[in-house]
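Reading through the structure tokens given below for one structure.
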Amino acid sequence: MGQYLCPDPHMNHIDSKTQQLKGCTKENKALVWCLAADGLMCTETNSSRFSKEVPCKWTNGYSFETALLLSVFLGMFGIDRFYLGYPAIGLVKFCTLGFMFLGQLLDIILIATQTVGPADGSAYVIPYYGAGVHVISSDNWTYRVRQNDW
């Protein structure tokens, strides 16, 4: 164990409705209690416990499983896009029968890979040990640092 353990394993930090840390904000941060190593005392709290902000995924109640099932079975009518908060795309899909079913297939792939999420910017509600995706991107500011053993 290092100098502290965060979050404190003796406390329940997981919200049962969203399967994320309790108190997760739109900035994707949550305040949790941490536990200092044996023999260490925090000067701010005068105890071995202290609070710290940790990263989390803010959710607003949109279920990944519901979005995927709606896309598979009712995607040709745009119900999946209405559910996720994209009414304009949902209406176009409804009027064109899912862009002749090609839009439905594309949306199934986009929702399954979690490329398309809820319109409010929140993450899907996924079981805590479920198939969460972390997007890694590369741009002009990203570069590979040469290592000594290359």
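FYI, nothing fancy with the structure tokens labels: chains A, B, ... in order, residues from 1 per chain, ligands from 1 as they appear.
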Can you check which residues of range 54-122 of chain A DSSP gives as strand (DSSP E or B) on the backbone and send them as a ChimeraX atom specification? /A:54-55,59-63
I need the residues from that last selection saved to file as a CSV table (one decimal), in the first residue's frame (with all heavy atoms), if you can.
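Saved as again.csv:
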chain,number,residue,atom,x,y,z
A,54,VAL,N,-11.8,12.6,-7.5
A,54,VAL,CA,-11.4,11.6,-8.4
A,54,VAL,C,-12.2,11.6,-9.7
A,54,VAL,O,-13.3,12.1,-9.7
A,54,VAL,CB,-11.4,10.2,-7.7
A,54,VAL,CG1,-10.5,10.1,-6.6
A,54,VAL,CG2,-12.8,9.8,-7.3
A,55,PRO,N,-11.7,11.1,-10.8
A,55,PRO,CA,-12.4,11.1,-12.0
A,55,PRO,C,-13.6,10.1,-12.0
A,55,PRO,O,-13.5,9.0,-11.4
A,55,PRO,CB,-11.4,10.7,-13.1
A,55,PRO,CG,-10.3,10.1,-12.4
A,55,PRO,CD,-10.3,10.6,-11.0
A,59,THR,N,-23.5,10.4,-15.4
A,59,THR,CA,-24.6,9.8,-16.1
A,59,THR,C,-25.9,10.5,-15.8
A,59,THR,O,-26.0,11.1,-14.8
A,59,THR,CB,-24.8,8.3,-15.8
A,59,THR,OG1,-25.0,8.2,-14.4
A,59,THR,CG2,-23.5,7.5,-16.1
A,60,ASN,N,-26.8,10.5,-16.8
A,60,ASN,CA,-28.1,11.1,-16.6
A,60,ASN,C,-29.3,10.2,-16.8
A,60,ASN,O,-30.4,10.6,-17.1
A,60,ASN,CB,-28.2,12.3,-17.6
A,60,ASN,CG,-29.2,13.4,-17.1
A,60,ASN,OD1,-29.6,13.3,-16.0
A,60,ASN,ND2,-29.5,14.3,-18.0
A,61,GLY,N,-29.0,8.9,-16.6
A,61,GLY,CA,-30.1,7.9,-16.6
A,61,GLY,C,-30.3,7.2,-17.9
A,61,GLY,O,-31.2,6.4,-18.0
A,62,TYR,N,-29.5,7.4,-18.9
A,62,TYR,CA,-29.6,6.7,-20.2
A,62,TYR,C,-28.9,5.4,-20.2
A,62,TYR,O,-27.7,5.3,-20.0
A,62,TYR,CB,-29.1,7.6,-21.4
A,62,TYR,CG,-29.8,8.9,-21.6
A,62,TYR,CD1,-29.3,10.1,-21.1
A,62,TYR,CD2,-31.0,8.9,-22.4
A,62,TYR,CE1,-30.0,11.2,-21.4
A,62,TYR,CE2,-31.6,10.0,-22.6
A,62,TYR,CZ,-31.2,11.2,-22.1
A,62,TYR,OH,-31.8,12.4,-22.4
A,63,SER,N,-29.7,4.3,-20.4
A,63,SER,CA,-29.2,3.0,-20.2
A,63,SER,C,-28.6,2.5,-21.6
A,63,SER,O,-29.2,2.7,-22.6
A,63,SER,CB,-30.3,2.0,-19.8
A,63,SER,OG,-29.9,0.7,-20.0
Of the residues A:Cys56, A:Asp149, A:Cys34, A:Thr115, which is the one nearest to Val135 in chain A, using only C-alpha atoms? A:Thr115
Using only C-alpha atoms, pick whichever of A:Cys24, A:Leu5, A:Cys95, A:Leu102 has the shortest atom-to-atom distance to Ala36 in chain A.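 Of all the options, A:Leu5 lies closest to Ala36 in chain A.
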Mind checking which residues fall within 12 Å of Ala112 in chain A, counting only C-alpha atoms, ignoring those fewer than 4 positions away in the same chain, and posting them as a PyMOL selection string? chain A and resi 64-72+105-108+116-117+124+131-133
Please give the complete set of residues from range 40-79 of chain A that DSSP, run on the backbone, assigns to helix (DSSP H, G or I), formatted as a PyMOL selection string. chain A and resi 64-77+79
Take the residues that were just selected and, keeping all heavy atoms, output them as a short mmCIF file (atom, residue, chain, number, x, y, z; two decimals), in the first residue's frame.
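File result-v9.cif, as written:
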data_model
loop_
_atom_site.label_atom_id
_atom_site.label_comp_id
_atom_site.auth_asym_id
_atom_site.auth_seq_id
_atom_site.Cartn_x
_atom_site.Cartn_y
_atom_site.Cartn_z
N PHE A 64 -27.39 1.97 -21.52
CA PHE A 64 -26.73 1.46 -22.72
C PHE A 64 -27.54 0.31 -23.33
O PHE A 64 -27.73 0.24 -24.54
CB PHE A 64 -25.32 0.99 -22.37
CG PHE A 64 -24.60 0.30 -23.49
CD1 PHE A 64 -24.20 1.01 -24.61
CD2 PHE A 64 -24.35 -1.05 -23.44
CE1 PHE A 64 -23.55 0.37 -25.65
CE2 PHE A 64 -23.70 -1.69 -24.47
CZ PHE A 64 -23.28 -0.98 -25.57
N GLU A 65 -28.01 -0.60 -22.49
CA GLU A 65 -28.76 -1.74 -22.98
C GLU A 65 -30.06 -1.31 -23.66
O GLU A 65 -30.43 -1.82 -24.71
CB GLU A 65 -29.07 -2.73 -21.84
CG GLU A 65 -27.85 -3.46 -21.30
CD GLU A 65 -27.13 -2.68 -20.22
OE1 GLU A 65 -27.58 -1.57 -19.87
OE2 GLU A 65 -26.10 -3.18 -19.75
N THR A 66 -30.76 -0.33 -23.07
CA THR A 66 -32.01 0.17 -23.66
C THR A 66 -31.75 0.82 -25.01
O THR A 66 -32.47 0.57 -25.97
CB THR A 66 -32.69 1.17 -22.71
OG1 THR A 66 -32.91 0.53 -21.46
CG2 THR A 66 -33.99 1.67 -23.28
N ALA A 67 -30.71 1.64 -25.09
CA ALA A 67 -30.39 2.31 -26.35
C ALA A 67 -30.05 1.31 -27.45
O ALA A 67 -30.49 1.44 -28.59
CB ALA A 67 -29.24 3.29 -26.15
N LEU A 68 -29.29 0.28 -27.09
CA LEU A 68 -28.90 -0.73 -28.09
C LEU A 68 -30.10 -1.56 -28.54
O LEU A 68 -30.27 -1.83 -29.74
CB LEU A 68 -27.80 -1.62 -27.53
CG LEU A 68 -27.12 -2.55 -28.52
CD1 LEU A 68 -26.51 -1.77 -29.67
CD2 LEU A 68 -26.06 -3.37 -27.83
N LEU A 69 -30.96 -1.95 -27.60
CA LEU A 69 -32.15 -2.73 -27.98
C LEU A 69 -33.12 -1.89 -28.81
O LEU A 69 -33.71 -2.40 -29.78
CB LEU A 69 -32.85 -3.27 -26.74
CG LEU A 69 -32.12 -4.40 -26.02
CD1 LEU A 69 -32.81 -4.74 -24.71
CD2 LEU A 69 -32.05 -5.63 -26.91
N LEU A 70 -33.28 -0.62 -28.48
CA LEU A 70 -34.12 0.24 -29.29
C LEU A 70 -33.56 0.40 -30.70
O LEU A 70 -34.30 0.43 -31.69
CB LEU A 70 -34.29 1.62 -28.64
CG LEU A 70 -35.21 1.70 -27.43
CD1 LEU A 70 -35.13 3.09 -26.82
CD2 LEU A 70 -36.63 1.36 -27.81
N SER A 71 -32.26 0.47 -30.81
CA SER A 71 -31.63 0.61 -32.12
C SER A 71 -31.81 -0.65 -32.96
O SER A 71 -32.06 -0.57 -34.15
CB SER A 71 -30.15 0.93 -31.95
OG SER A 71 -29.55 1.17 -33.20
N VAL A 72 -31.71 -1.81 -32.33
CA VAL A 72 -31.84 -3.06 -33.08
C VAL A 72 -33.28 -3.29 -33.53
O VAL A 72 -33.53 -3.61 -34.70
CB VAL A 72 -31.35 -4.25 -32.22
CG1 VAL A 72 -31.72 -5.58 -32.86
CG2 VAL A 72 -29.84 -4.16 -32.00
N PHE A 73 -34.24 -3.10 -32.63
CA PHE A 73 -35.61 -3.48 -32.95
C PHE A 73 -36.46 -2.33 -33.50
O PHE A 73 -37.38 -2.58 -34.30
CB PHE A 73 -36.29 -4.10 -31.73
CG PHE A 73 -35.67 -5.40 -31.33
CD1 PHE A 73 -34.95 -5.50 -30.15
CD2 PHE A 73 -35.78 -6.51 -32.13
CE1 PHE A 73 -34.36 -6.70 -29.78
CE2 PHE A 73 -35.20 -7.72 -31.78
CZ PHE A 73 -34.49 -7.80 -30.60
N LEU A 74 -36.21 -1.09 -33.10
CA LEU A 74 -37.03 0.03 -33.55
C LEU A 74 -36.21 1.13 -34.20
O LEU A 74 -36.68 2.25 -34.37
CB LEU A 74 -37.83 0.60 -32.36
CG LEU A 74 -38.82 -0.36 -31.71
CD1 LEU A 74 -39.39 0.26 -30.45
CD2 LEU A 74 -39.92 -0.73 -32.68
N GLY A 75 -34.98 0.82 -34.58
CA GLY A 75 -34.10 1.82 -35.16
C GLY A 75 -34.57 2.34 -36.50
O GLY A 75 -34.29 3.47 -36.86
N MET A 76 -35.31 1.53 -37.24
CA MET A 76 -35.79 2.01 -38.55
C MET A 76 -36.82 3.12 -38.40
O MET A 76 -37.06 3.87 -39.33
CB MET A 76 -36.35 0.86 -39.38
CG MET A 76 -37.71 0.34 -38.98
SD MET A 76 -37.78 -0.83 -37.62
CE MET A 76 -36.90 -2.22 -38.19
N PHE A 77 -37.40 3.25 -37.22
CA PHE A 77 -38.36 4.33 -36.94
C PHE A 77 -37.72 5.50 -36.19
O PHE A 77 -38.40 6.45 -35.84
CB PHE A 77 -39.55 3.80 -36.14
CG PHE A 77 -40.26 2.67 -36.82
CD1 PHE A 77 -40.31 1.42 -36.23
CD2 PHE A 77 -40.86 2.84 -38.05
CE1 PHE A 77 -40.96 0.37 -36.85
CE2 PHE A 77 -41.51 1.80 -38.69
CZ PHE A 77 -41.56 0.56 -38.08
N ILE A 79 -36.55 5.56 -33.14
CA ILE A 79 -36.86 5.59 -31.70
C ILE A 79 -35.57 5.68 -30.87
O ILE A 79 -35.55 6.34 -29.83
CB ILE A 79 -37.69 4.35 -31.30
CG1 ILE A 79 -38.97 4.26 -32.13
CG2 ILE A 79 -38.00 4.35 -29.82
CD1 ILE A 79 -39.89 5.44 -31.96
#
Counting only C-alpha atoms, what is within 12 Å of Leu31 in chain A, bar same-chain residues fewer than 5 positions away, as number ranges by chain? A: 6-8, 13-14, 21-25, 50-56
